[in-house]
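Trainee: Okay, handing you the structure first.
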Amino acid sequence: MWRKLSYLFRRKRFNQELDDEIRFHLEMAAAERGEQAARRDFGPVLRMKEDTRSAWQVQWLVDLASDLRYALRALKRNPGFAAAAIFSLALGIGANTTIFSLTMEFLFSQPSCRNPETLAHMEIGGNSHAHMPHYRFLRDAHIFEGLAGSYEEGESNWRFGNDSYRLHVMRVTRNFFNVVGVPVAMGRPMEPGDGDVVVLSERFWKARLAADPNIVGKTLNIDGRPYVVTGVLPHNHRTVLGFGFSPDLYIPASRETDIVALIARLPAGMSMAVARARLTAACKQLDQVYPNQYGPNFAWSRNVEVVPVAGVERLKSMNILAFAAFFAMLQIVVGLVLLIACANVSSLLLARASARRQELAIRFAIGAGRGRIVRQLLAESLLLALAGTGAGLMLNIWLASVMNRVQLPLPIPLQLLIQPDWRLLLYSTGVAAISAVVAGFMPALKATREGISGALKSAERQVEGRWTLRNALVVGQLAVSAVLLTTGCLFVRNMTKSITMNPGFDTEHTAWAQMRLVPDKYTARAQTQALVRRALDEVRGLPGVEAAGFATAVPLNSNEVQGDSIRTDVSDQAAGLGFHLNFVAPDYFRTMGIPLRGRDFLPSDREGAPDVAILNENLARRLFGNRNPIGHTFRFTEPKLSDPVTVIGVAKNSKYFTLGEQGGLAAYWPYFQMDRSIVDLHFLVRAARPSDVVKEITRTLGRFDSSASVEVKPMRDAMGFAFLPSRVGAALLGSMGLLGLALASIGLYGVLAYSVARRTREIGLRVALGADSPAVLRMVAHESLTLLVIGLAIGLGISLFATRPLAMFLVPDLSTSDPVTFLTVVAVLAAVAVAATLGPAVRALRVDPMKALRYE
Amino acid sequence: MQPTPELLPGTLYLLILRTLARGPLHGYAIAKRIKESSDAALEIEEGSLYPALNRMLVKGWLTAEWGISDNNRKARFYSLTLAGRKQLAEETQQFDRLIQAIQLVMRTA
């Protein structure tokens with residue numbers, strides 16, 4: 001094979017050498033026997049040359065080349081047909097490869113690091129993070145080539161000019177860049193022995209520092225301390241965490257209270273199992289030094305896990321099934337879109353094949369086998385698929401650049417870095433090959449089925465059965481687009497429902513002020529509490545403000561679930577429960593518009609006063625059944641039995657983390673009884689027109705501490721995160737549904753127009769025999785309506801079952817058999833079918849009987 | 001022209017391999033050698049030699065090199081490779097068995 005391949009590159013020299021050799025042979029022979037005898041003995045020179053060359057050629061490759069050449073010529077002769085087919089395929093393949101790129105980037109992208117295969121995340125004692133002393137202990141055990149730590153969810157205040165901004169920072173141990181091998185674009189990475197240093201992301205450097213070329217060595221004021229910039233990350237930096245997460249800065253994790261996720265560089269060739277055994281052994285020692293860290297049953301050496309940072313295993317270990325399912329569904333949906341595109345090309349090819357009967361007949365007649373002709377026709381669809389893929393890839397690159405620029409309204413910064421790579425190339429080549437076969441195979445078989453005898457018959461006289469392959473294609477297209485439209489429509493309905501859905505608190509008349517304090521300045525909780533108390537007083541006094549509250553978590557924006565074991569005064573059994581916990585100040589419920597039974601927290605519910613709590617209805621029922629819980633008490637049983645906590649009120653159920661959730665448990669504690677200091681403060685303000693008070697609140701809160709960052713926005717604007725899944729779903733699937741619909745209507749129109757054109761003679765005859773316009777219209781409409789009804793029936797039938805699993809993405813009060821959705825789909829497809837029929841039908845009416853009869 | 005016996009299929013390879021076993025030759029010399037050693041009884045169409053030689057190059061039984069012929073002309077010399085020698089041994093054995101079998105049938109039947 002390789003010898004043959006080398007022939008391809010020295011064809012010219014080969015021919016020259018062959019000529020030389022023949023000349024030498026003939027001259028030698030002529031010298032002995034005379035020229036004539038020499039030529040006679042040698043035989044025909046041309047045939048011999050042909051035979052010799054063919055010894056070196058790969059026959060199928062030569063055939064393919066000539067088939068492709070021929071196909072190219074055939075397509076050039078029909079530019080309209082080629083353009084329609086390529087356009088269809090480009091849309092289908094563009095959508096397909098874009099979703100593929102998105103899936104790859106989101107789920108399988110490689111982090112920016114050296115040798116990701118020897119890099120692993122570690123969990124000890126079932127904890128994803130460890131405190132600094134524990135981290136240092138394990139690092140100094142030297143069980144791996146290196147052990148680093150990072151904390152992804154960090155925030156810091158950056159003082160710039162007269163303002164403070166909240167930034168997303170990655171806190172890493174100083175050896176992080178060395179162990180992980182993160183490349184930097186400018187300057188140098190953070191190194192062990194560095195003091196307060198910072199490595200900037202390219203985005204932050206460009207957007208906030210105007211891409212200052214001399215930034216290295218300058219200082220940034222972060223959380224009230226100067227940090228020296230050592231370097232800037234490259235544009236294509238991907239964090240080890242993945243999922244497009246992109247913090248603004250990397251700073252050292254230096255406080256003893258910092259927690260870090262452990263990431264280790266394994267020696268080359270060490271398996272995950274060996275690494276786990278080593279880590280477990282080290283954790284046994286850790287248990288000796290720091291015993292009973294989290295209660296008597298806790299041990300670091302239990303639940304030890306070692307997970308590679310990249311690849312499938314990481315996905316398995318993370319709880320992202322819903323994510324993966326969503327991407328899988330997208331991939332199926334774009335597969336359907338491509339299927340519709342292929343059906344379009346198929347019916348175009350079919351139409352062309354009947355126009356090409358004469359040509360095929362000639363080829364049959366001069367001795368081409370059926371296989372050879374099928375191959376020739378497939379070469380044509382392969383060429384179309386390749387051109388379509390080329391155009392589709394351009395579409396992909398454009399869409400990817402759009403997605404890379406999208407800024408999602410998330411509490412953490414996400415940045416996608418979709419770039420074409422070999423996986424995309426491989427995938428699109430596969431898609432092209434499959435679509436060539438899918439689109440081309442049936443038409444090619446059909447065109448050649450009848451052999452010479454069929455091909456020689458005049459196409460126009462051919463009487464086709466009612467149930468032709470072409471009609472089947474239209475029905476199939478209609479069915480598939482019905483499924484697509486149903487899916488798209490469901491997600492659009494889901495979006496409108498979730499936007500208008502009542503989250504259980506008032507989002508129209510509330511504003512949310514987020515204030516982050518510099519931790520070093522507020523180590524004692526009394527300081528923070530004093531600030532909160534004064535801030536609430538001042539904000540309440542502002543004009544236009546009706547009420548103001550305070551909370552440690554804002555619903556739909558925080559997913560902190562507290563796990564505790566609780567024993568009530570009506571039972572002697574402790575129940576293990578997970579519930580949303582929020583520390584709130586008095587007036588929170590009135591501010592948020594959450595109805596409350598019993599009493600609200602009062603200023604007197606402070607440190608030293610008896611512990612009190614407010615439960616939501618779900619938790620109250622769970623703990624106390626149908627009894628009135630107010631006045632009852634409960635205790636926590638771990639780590640040790642707590643003092644009794646009295647229930648003073650029951651708040652109406654609302655949504656806590658997602659709009660789709662149901663039966664969420666929640667408990668509220670008085671903020672002024674909270675036993676630790678916090679730096680993330682959330683003030684909630686009730687006002688008739690929240691946008692009017694934003695500025696005043698910002699100014700008021702800013703006056704308390706200039707080093708604190710303050711962000712104030714109307715609650716409605718801050719709900720972006722909660723609505724994001726439904727919006728993304730609606731945008732992606734709605735547009736796929738539309739794309740499928742567009743492609744299917746083009747196909748439907750094309751087929752109907754073609755079938756009317758084919759019946760020109762028949763219609764002319766009917767009109768000549770006295771058929772009036774309504775009769776002709778009925779006839780044409782009958783055909784398309786039959787197709788429509790069958791296609792819709794099949795499509796809706798499939799949708800009814802195929803969309804069942806989508807329920808996991810939809811809000812609870814939207815069923816997958818939502819009647820509005822199904823009616824919409826029927827209406828839309830019927831409208832498209834009518835529009836596609838109207839054109840050809842009108843043309844059919846204009847047929848001049850004389851012309852039609854004289855047609856041949 | 002005397003009709004010459006047709007070659008058994010595949011025997012051209014064998015003849016070429018055998019001829020080249022004694023050392024590299026150019027195309028014309030191979031044709032001549034085959035003709036002479038068969039007392040002109042086996043007269044192959046000389047042109048058909050070259051497609052066969054090229055197929056054998058593709059199979060890796062032969063290599064070809066340009067050199068200088070006896071009469072000081074540039075000519076292409078073919079020589080056996082290791083694979084070619086193995087092939088020769090194999091084909092000779094098979095051929096012998098075939099001939100013996102045919103002869104056995106001719107004598108006894």
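Chain labels A, B, ... are given in the sequence in which chains occur in the structure tokens; within each chain residues are numbered consecutively from 1, and ligands are likewise numbered from 1 in the order shown.
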Which residues come within 9 Å of Tyr13 of chain B, counting only C-alpha atoms, excluding same-chain residues fewer than 5 positions away, as number ranges by chain?

Mentor: B: 18, 52-53, 56, 88, 91

Trainee: So which residues of segment 153-295 of chain A fall under alpha helix (DSSP H) by DSSP, listed as a count of residues only?

Mentor: 31

Trainee: Using only C-alpha atoms, find the residues of chain A whose closest atom to chain B is at most 12 Å away, then write them as a count of residues only.

Mentor: 47

Trainee: Using only C-alpha atoms, pick whichever of A:Thr568, A:Thr97, A:Gln573, A:Thr698 has the shortest atom-to-atom distance to Pro644 of chain A.

Mentor: A:Thr568

Trainee: Which residues in segment 438-527 of chain A does DSSP call strand (DSSP E or B)? List them as number ranges by chain.

Mentor: A: 510-516

Trainee: What is the atom CA of Lys206 of chain A-atom CA of Asp223 of chain A distance in Å, reported with one decimal?

Mentor: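 Atom-to-atom, atom CA of Lys206 of chain A to atom CA of Asp223 of chain A, that is 21.2 Å.
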
Trainee: Return the single residue from B:Thr108, B:Trp61, B:Gln100, B:Thr19 that is closest to Glu36 of chain B, with distances computed using only C-alpha atoms.

Mentor: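 Once distances to Glu36 of chain B are computed over only C-alpha atoms, the minimum belongs to B:Thr19.
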